[in-house]
Amino acid sequence: MKDASVIIGLSNPKSPTNIGAVLRAAGCYKADAVIYTGTRYDKAAKFQTDTKKMAQSIPLSGVESMLDNLPQDMKIVCVDFAEGATLLPHFEHPEKAIYIFGPEDGSISQDVADRADHVVYVPTVGCMNLAASVNVVLYDRLAKQENIVQSDEHIRQNRDNKNNLRVSLK
């Protein structure tokens, strides 16, 4: 993790479906690793739903603490509905960050939030699920970058093989 720029940290996740979708998001938005704490996912891992096989290229690791062994210049960003948190559209993403998400049925622990450099929330009505939250945060990070690739070649390389849609301007 020493060369990582983006790490997704999941606090005691329980759903293999969400982990599969988180891995897919990590692949789509070029996260370097996904780490998790707790034991619930290990018990459910046999039901893994990583449909794009991202676990083969993005490390997925269980850890005791998400905050141990991080590069010194990596910022800790907690994502949760927390009082006093920054609205995601107003947030400037750090170059190197670990984005920590709480469990599907709880919150990030107070001791982790207390060590965070930033705490942000997605302004929704009600809570999104874990995978949806990861997708939104990583998309927001990408959308705010200055070097976004915009080309038909990029579209052809990255869309599913059954998608051949073209836009015809009239």
# chains A, B, ... in the order shown; residues from 1 in each chain; ligands from 1
call {"tool": "residues_around", "arguments": {"residues": "Phe91 of chain A", "least_positions_apart": "2", "cutoff": "10 Å", "atoms": "only C-alpha atoms", "output": "number ranges by chain"}}
result
A: 86-89, 93-94, 118-121, 140-141, 144
call {"tool": "residues_around", "arguments": {"residues": "segment 98-114 of chain A", "least_positions_apart": "6", "cutoff": "7 Å", "atoms": "only C-alpha atoms", "output": "list in words"}}
result
Val6, Ile7, Ile8, Gly9, Leu10, Ser11, Asn12, Pro13, Met74, Lys75, Ile76, Val77, Cys78, Val79, Asp80, Asn129 and Leu130 of chain A
call {"tool": "write_last_selection", "arguments": {"atoms": "N, CA and C atoms", "output": "mmCIF file, in the first residue's frame"}}
result
data_model
loop_
_atom_site.group_PDB
_atom_site.id
_atom_site.type_symbol
_atom_site.label_atom_id
_atom_site.label_comp_id
_atom_site.auth_asym_id
_atom_site.auth_seq_id
_atom_site.Cartn_x
_atom_site.Cartn_y
_atom_site.Cartn_z
ATOM 1 N N VAL A 6 -5.301 5.710 -3.901
ATOM 2 C CA VAL A 6 -6.692 5.619 -3.451
ATOM 3 C C VAL A 6 -6.933 4.225 -2.866
ATOM 4 N N ILE A 7 -7.341 4.209 -1.609
ATOM 5 C CA ILE A 7 -7.702 2.973 -0.936
ATOM 6 C C ILE A 7 -9.141 3.118 -0.457
ATOM 7 N N ILE A 8 -9.910 2.062 -0.626
ATOM 8 C CA ILE A 8 -11.263 2.019 -0.088
ATOM 9 C C ILE A 8 -11.205 1.191 1.181
ATOM 10 N N GLY A 9 -11.645 1.760 2.297
ATOM 11 C CA GLY A 9 -11.673 1.068 3.576
ATOM 12 C C GLY A 9 -13.109 0.812 3.991
ATOM 13 N N LEU A 10 -13.428 -0.441 4.255
ATOM 14 C CA LEU A 10 -14.788 -0.836 4.632
ATOM 15 C C LEU A 10 -14.783 -1.339 6.070
ATOM 16 N N SER A 11 -15.594 -0.720 6.884
ATOM 17 C CA SER A 11 -15.658 -1.072 8.297
ATOM 18 C C SER A 11 -16.676 -2.196 8.508
ATOM 19 N N ASN A 12 -16.173 -3.390 8.806
ATOM 20 C CA ASN A 12 -16.986 -4.563 9.118
ATOM 21 C C ASN A 12 -18.146 -4.783 8.142
ATOM 22 N N PRO A 13 -17.844 -4.885 6.850
ATOM 23 C CA PRO A 13 -18.923 -5.087 5.875
ATOM 24 C C PRO A 13 -19.533 -6.473 6.032
ATOM 25 N N MET A 74 -0.878 10.049 3.090
ATOM 26 C CA MET A 74 -2.241 9.655 2.746
ATOM 27 C C MET A 74 -3.211 10.272 3.738
ATOM 28 N N LYS A 75 -4.227 10.941 3.211
ATOM 29 C CA LYS A 75 -5.249 11.570 4.040
ATOM 30 C C LYS A 75 -6.364 10.579 4.325
ATOM 31 N N ILE A 76 -6.940 10.692 5.507
ATOM 32 C CA ILE A 76 -8.039 9.826 5.936
ATOM 33 C C ILE A 76 -9.340 10.595 5.710
ATOM 34 N N VAL A 77 -10.208 10.007 4.882
ATOM 35 C CA VAL A 77 -11.493 10.629 4.562
ATOM 36 C C VAL A 77 -12.599 9.661 4.962
ATOM 37 N N CYS A 78 -13.373 10.026 5.970
ATOM 38 C CA CYS A 78 -14.510 9.207 6.378
ATOM 39 C C CYS A 78 -15.748 9.682 5.628
ATOM 40 N N VAL A 79 -16.559 8.728 5.203
ATOM 41 C CA VAL A 79 -17.778 9.041 4.460
ATOM 42 C C VAL A 79 -18.951 8.484 5.258
ATOM 43 N N ASP A 80 -19.756 9.385 5.813
ATOM 44 C CA ASP A 80 -20.873 8.946 6.651
ATOM 45 C C ASP A 80 -21.797 10.133 6.869
ATOM 46 N N ASN A 129 -26.909 2.384 -0.102
ATOM 47 C CA ASN A 129 -26.184 1.224 0.397
ATOM 48 C C ASN A 129 -24.686 1.456 0.234
ATOM 49 N N LEU A 130 -23.910 0.558 0.789
ATOM 50 C CA LEU A 130 -22.456 0.701 0.823
ATOM 51 C C LEU A 130 -21.861 0.854 -0.573
#
call {"tool": "residues_around", "arguments": {"residues": "segment 147-154 of chain A", "least_positions_apart": "4", "cutoff": "12 Å", "atoms": "only C-alpha atoms", "output": "list in words"}}
result
Tyr29, Tyr139, Asp140, Arg141, Leu142, Ala143, Asn158, Arg159, Asn164, Leu165, Arg166 and Val167 of chain A
call {"tool": "select_by_dssp", "arguments": {"residues": "chain A", "states": "strand (DSSP E)", "output": "PyMOL selection string"}}
result
chain A and resi 6-10+33-36+60-62+75-79+86-87+97-101+118-121
call {"tool": "closest_residue", "arguments": {"among": "A:Lys170, A:Asp32, A:Met128, A:Phe81", "to": "Lys96 of chain A", "atoms": "only C-alpha atoms"}}
result
A:Asp32
call {"tool": "select_by_dssp", "arguments": {"residues": "segment 15-140 of chain A", "states": "alpha helix (DSSP H)", "output": "PyMOL selection string"}}
result
chain A and resi 16-28+40-44+110-115+130-140
call {"tool": "decode", "arguments": {"residues": "segment 63-112 of chain A", "atoms": "N, CA and C atoms", "output": "mmCIF file, in the first residue's frame"}}
result
data_model
loop_
_atom_site.group_PDB
_atom_site.id
_atom_site.type_symbol
_atom_site.label_atom_id
_atom_site.label_comp_id
_atom_site.auth_asym_id
_atom_site.auth_seq_id
_atom_site.Cartn_x
_atom_site.Cartn_y
_atom_site.Cartn_z
ATOM 1 N N VAL A 63 -7.977 -6.504 7.476
ATOM 2 C CA VAL A 63 -6.970 -5.888 8.342
ATOM 3 C C VAL A 63 -7.557 -5.692 9.739
ATOM 4 N N GLU A 64 -6.675 -5.610 10.727
ATOM 5 C CA GLU A 64 -7.111 -5.316 12.101
ATOM 6 C C GLU A 64 -7.562 -3.865 12.219
ATOM 7 N N SER A 65 -6.767 -2.964 11.623
ATOM 8 C CA SER A 65 -7.060 -1.535 11.673
ATOM 9 C C SER A 65 -6.790 -0.913 10.307
ATOM 10 N N MET A 66 -7.737 -0.145 9.814
ATOM 11 C CA MET A 66 -7.556 0.514 8.515
ATOM 12 C C MET A 66 -6.535 1.640 8.579
ATOM 13 N N LEU A 67 -6.217 2.094 9.776
ATOM 14 C CA LEU A 67 -5.352 3.254 9.907
ATOM 15 C C LEU A 67 -3.889 2.895 10.127
ATOM 16 N N ASP A 68 -3.594 1.615 10.272
ATOM 17 C CA ASP A 68 -2.209 1.182 10.444
ATOM 18 C C ASP A 68 -1.532 1.029 9.087
ATOM 19 N N ASN A 69 -0.258 1.301 9.041
ATOM 20 C CA ASN A 69 0.578 1.080 7.848
ATOM 21 C C ASN A 69 0.173 1.897 6.632
ATOM 22 N N LEU A 70 -0.434 3.039 6.841
ATOM 23 C CA LEU A 70 -0.754 3.923 5.719
ATOM 24 C C LEU A 70 0.456 4.785 5.397
ATOM 25 N N PRO A 71 0.635 5.153 4.128
ATOM 26 C CA PRO A 71 1.698 6.112 3.797
ATOM 27 C C PRO A 71 1.480 7.412 4.583
ATOM 28 N N GLN A 72 2.560 8.057 4.981
ATOM 29 C CA GLN A 72 2.455 9.274 5.792
ATOM 30 C C GLN A 72 1.668 10.382 5.114
ATOM 31 N N ASP A 73 1.737 10.451 3.783
ATOM 32 C CA ASP A 73 1.067 11.540 3.071
ATOM 33 C C ASP A 73 -0.354 11.190 2.651
ATOM 34 N N MET A 74 -0.878 10.049 3.090
ATOM 35 C CA MET A 74 -2.241 9.655 2.746
ATOM 36 C C MET A 74 -3.211 10.272 3.738
ATOM 37 N N LYS A 75 -4.227 10.941 3.211
ATOM 38 C CA LYS A 75 -5.249 11.570 4.040
ATOM 39 C C LYS A 75 -6.364 10.579 4.325
ATOM 40 N N ILE A 76 -6.940 10.692 5.507
ATOM 41 C CA ILE A 76 -8.039 9.826 5.936
ATOM 42 C C ILE A 76 -9.340 10.595 5.710
ATOM 43 N N VAL A 77 -10.208 10.007 4.882
ATOM 44 C CA VAL A 77 -11.493 10.629 4.562
ATOM 45 C C VAL A 77 -12.599 9.661 4.962
ATOM 46 N N CYS A 78 -13.373 10.026 5.970
ATOM 47 C CA CYS A 78 -14.510 9.207 6.378
ATOM 48 C C CYS A 78 -15.748 9.682 5.628
ATOM 49 N N VAL A 79 -16.559 8.728 5.203
ATOM 50 C CA VAL A 79 -17.778 9.041 4.460
ATOM 51 C C VAL A 79 -18.951 8.484 5.258
ATOM 52 N N ASP A 80 -19.756 9.385 5.813
ATOM 53 C CA ASP A 80 -20.873 8.946 6.651
ATOM 54 C C ASP A 80 -21.797 10.133 6.869
ATOM 55 N N PHE A 81 -23.034 9.844 7.245
ATOM 56 C CA PHE A 81 -23.952 10.895 7.676
ATOM 57 C C PHE A 81 -23.546 11.288 9.087
ATOM 58 N N ALA A 82 -22.623 12.212 9.212
ATOM 59 C CA ALA A 82 -22.119 12.639 10.510
ATOM 60 C C ALA A 82 -22.396 14.130 10.688
ATOM 61 N N GLU A 83 -22.854 14.498 11.837
ATOM 62 C CA GLU A 83 -23.081 15.909 12.121
ATOM 63 C C GLU A 83 -21.770 16.657 12.003
ATOM 64 N N GLY A 84 -21.786 17.767 11.298
ATOM 65 C CA GLY A 84 -20.593 18.576 11.100
ATOM 66 C C GLY A 84 -19.771 18.169 9.885
ATOM 67 N N ALA A 85 -20.197 17.142 9.154
ATOM 68 C CA ALA A 85 -19.459 16.673 7.975
ATOM 69 C C ALA A 85 -19.599 17.660 6.821
ATOM 70 N N THR A 86 -18.660 17.575 5.872
ATOM 71 C CA THR A 86 -18.655 18.425 4.684
ATOM 72 C C THR A 86 -19.508 17.790 3.594
ATOM 73 N N LEU A 87 -20.281 18.588 2.943
ATOM 74 C CA LEU A 87 -21.101 18.153 1.815
ATOM 75 C C LEU A 87 -20.183 17.708 0.671
ATOM 76 N N LEU A 88 -20.363 16.521 0.126
ATOM 77 C CA LEU A 88 -19.471 15.986 -0.906
ATOM 78 C C LEU A 88 -19.283 16.937 -2.099
ATOM 79 N N PRO A 89 -20.329 17.585 -2.622
ATOM 80 C CA PRO A 89 -20.087 18.501 -3.748
ATOM 81 C C PRO A 89 -19.142 19.657 -3.421
ATOM 82 N N HIS A 90 -18.972 19.976 -2.150
ATOM 83 C CA HIS A 90 -18.078 21.072 -1.740
ATOM 84 C C HIS A 90 -16.689 20.572 -1.335
ATOM 85 N N PHE A 91 -16.472 19.286 -1.409
ATOM 86 C CA PHE A 91 -15.229 18.682 -0.926
ATOM 87 C C PHE A 91 -14.172 18.640 -2.021
ATOM 88 N N GLU A 92 -12.946 19.016 -1.669
ATOM 89 C CA GLU A 92 -11.806 18.901 -2.574
ATOM 90 C C GLU A 92 -11.015 17.651 -2.184
ATOM 91 N N HIS A 93 -10.993 16.679 -3.081
ATOM 92 C CA HIS A 93 -10.351 15.404 -2.790
ATOM 93 C C HIS A 93 -8.837 15.554 -2.710
ATOM 94 N N PRO A 94 -8.217 14.949 -1.704
ATOM 95 C CA PRO A 94 -6.753 14.961 -1.627
ATOM 96 C C PRO A 94 -6.159 14.054 -2.703
ATOM 97 N N GLU A 95 -4.906 14.298 -3.039
ATOM 98 C CA GLU A 95 -4.237 13.483 -4.049
ATOM 99 C C GLU A 95 -4.168 12.021 -3.617
ATOM 100 N N LYS A 96 -3.819 11.787 -2.362
ATOM 101 C CA LYS A 96 -3.736 10.421 -1.826
ATOM 102 C C LYS A 96 -4.709 10.315 -0.661
ATOM 103 N N ALA A 97 -5.613 9.329 -0.738
ATOM 104 C CA ALA A 97 -6.627 9.228 0.310
ATOM 105 C C ALA A 97 -7.057 7.792 0.531
ATOM 106 N N ILE A 98 -7.382 7.503 1.782
ATOM 107 C CA ILE A 98 -8.144 6.315 2.105
ATOM 108 C C ILE A 98 -9.546 6.805 2.435
ATOM 109 N N TYR A 99 -10.522 6.273 1.715
ATOM 110 C CA TYR A 99 -11.923 6.614 1.935
ATOM 111 C C TYR A 99 -12.522 5.502 2.784
ATOM 112 N N ILE A 100 -12.964 5.847 3.982
ATOM 113 C CA ILE A 100 -13.480 4.863 4.921
ATOM 114 C C ILE A 100 -14.995 4.973 4.989
ATOM 115 N N PHE A 101 -15.640 3.824 4.803
ATOM 116 C CA PHE A 101 -17.094 3.729 4.809
ATOM 117 C C PHE A 101 -17.524 2.827 5.962
ATOM 118 N N GLY A 102 -18.613 3.201 6.614
ATOM 119 C CA GLY A 102 -19.133 2.395 7.713
ATOM 120 C C GLY A 102 -19.840 1.151 7.215
ATOM 121 N N PRO A 103 -20.234 0.289 8.142
ATOM 122 C CA PRO A 103 -20.943 -0.925 7.771
ATOM 123 C C PRO A 103 -22.353 -0.605 7.273
ATOM 124 N N GLU A 104 -22.942 -1.565 6.587
ATOM 125 C CA GLU A 104 -24.276 -1.382 6.032
ATOM 126 C C GLU A 104 -25.323 -1.111 7.116
ATOM 127 N N ASP A 105 -25.057 -1.562 8.324
ATOM 128 C CA ASP A 105 -26.035 -1.451 9.404
ATOM 129 C C ASP A 105 -25.485 -0.676 10.602
ATOM 130 N N GLY A 106 -24.644 0.317 10.334
ATOM 131 C CA GLY A 106 -24.074 1.090 11.434
ATOM 132 C C GLY A 106 -23.305 2.291 10.929
ATOM 133 N N SER A 107 -22.393 2.763 11.752
ATOM 134 C CA SER A 107 -21.593 3.942 11.433
ATOM 135 C C SER A 107 -20.109 3.647 11.598
ATOM 136 N N ILE A 108 -19.311 4.523 11.082
ATOM 137 C CA ILE A 108 -17.870 4.483 11.324
ATOM 138 C C ILE A 108 -17.658 4.712 12.814
ATOM 139 N N SER A 109 -16.702 4.020 13.400
ATOM 140 C CA SER A 109 -16.465 4.186 14.832
ATOM 141 C C SER A 109 -15.938 5.599 15.123
ATOM 142 N N GLN A 110 -16.272 6.099 16.282
ATOM 143 C CA GLN A 110 -15.880 7.456 16.664
ATOM 144 C C GLN A 110 -14.365 7.617 16.690
ATOM 145 N N ASP A 111 -13.627 6.588 17.123
ATOM 146 C CA ASP A 111 -12.172 6.719 17.191
ATOM 147 C C ASP A 111 -11.561 6.848 15.789
ATOM 148 N N VAL A 112 -12.146 6.197 14.790
ATOM 149 C CA VAL A 112 -11.662 6.350 13.411
ATOM 150 C C VAL A 112 -12.010 7.746 12.905
#
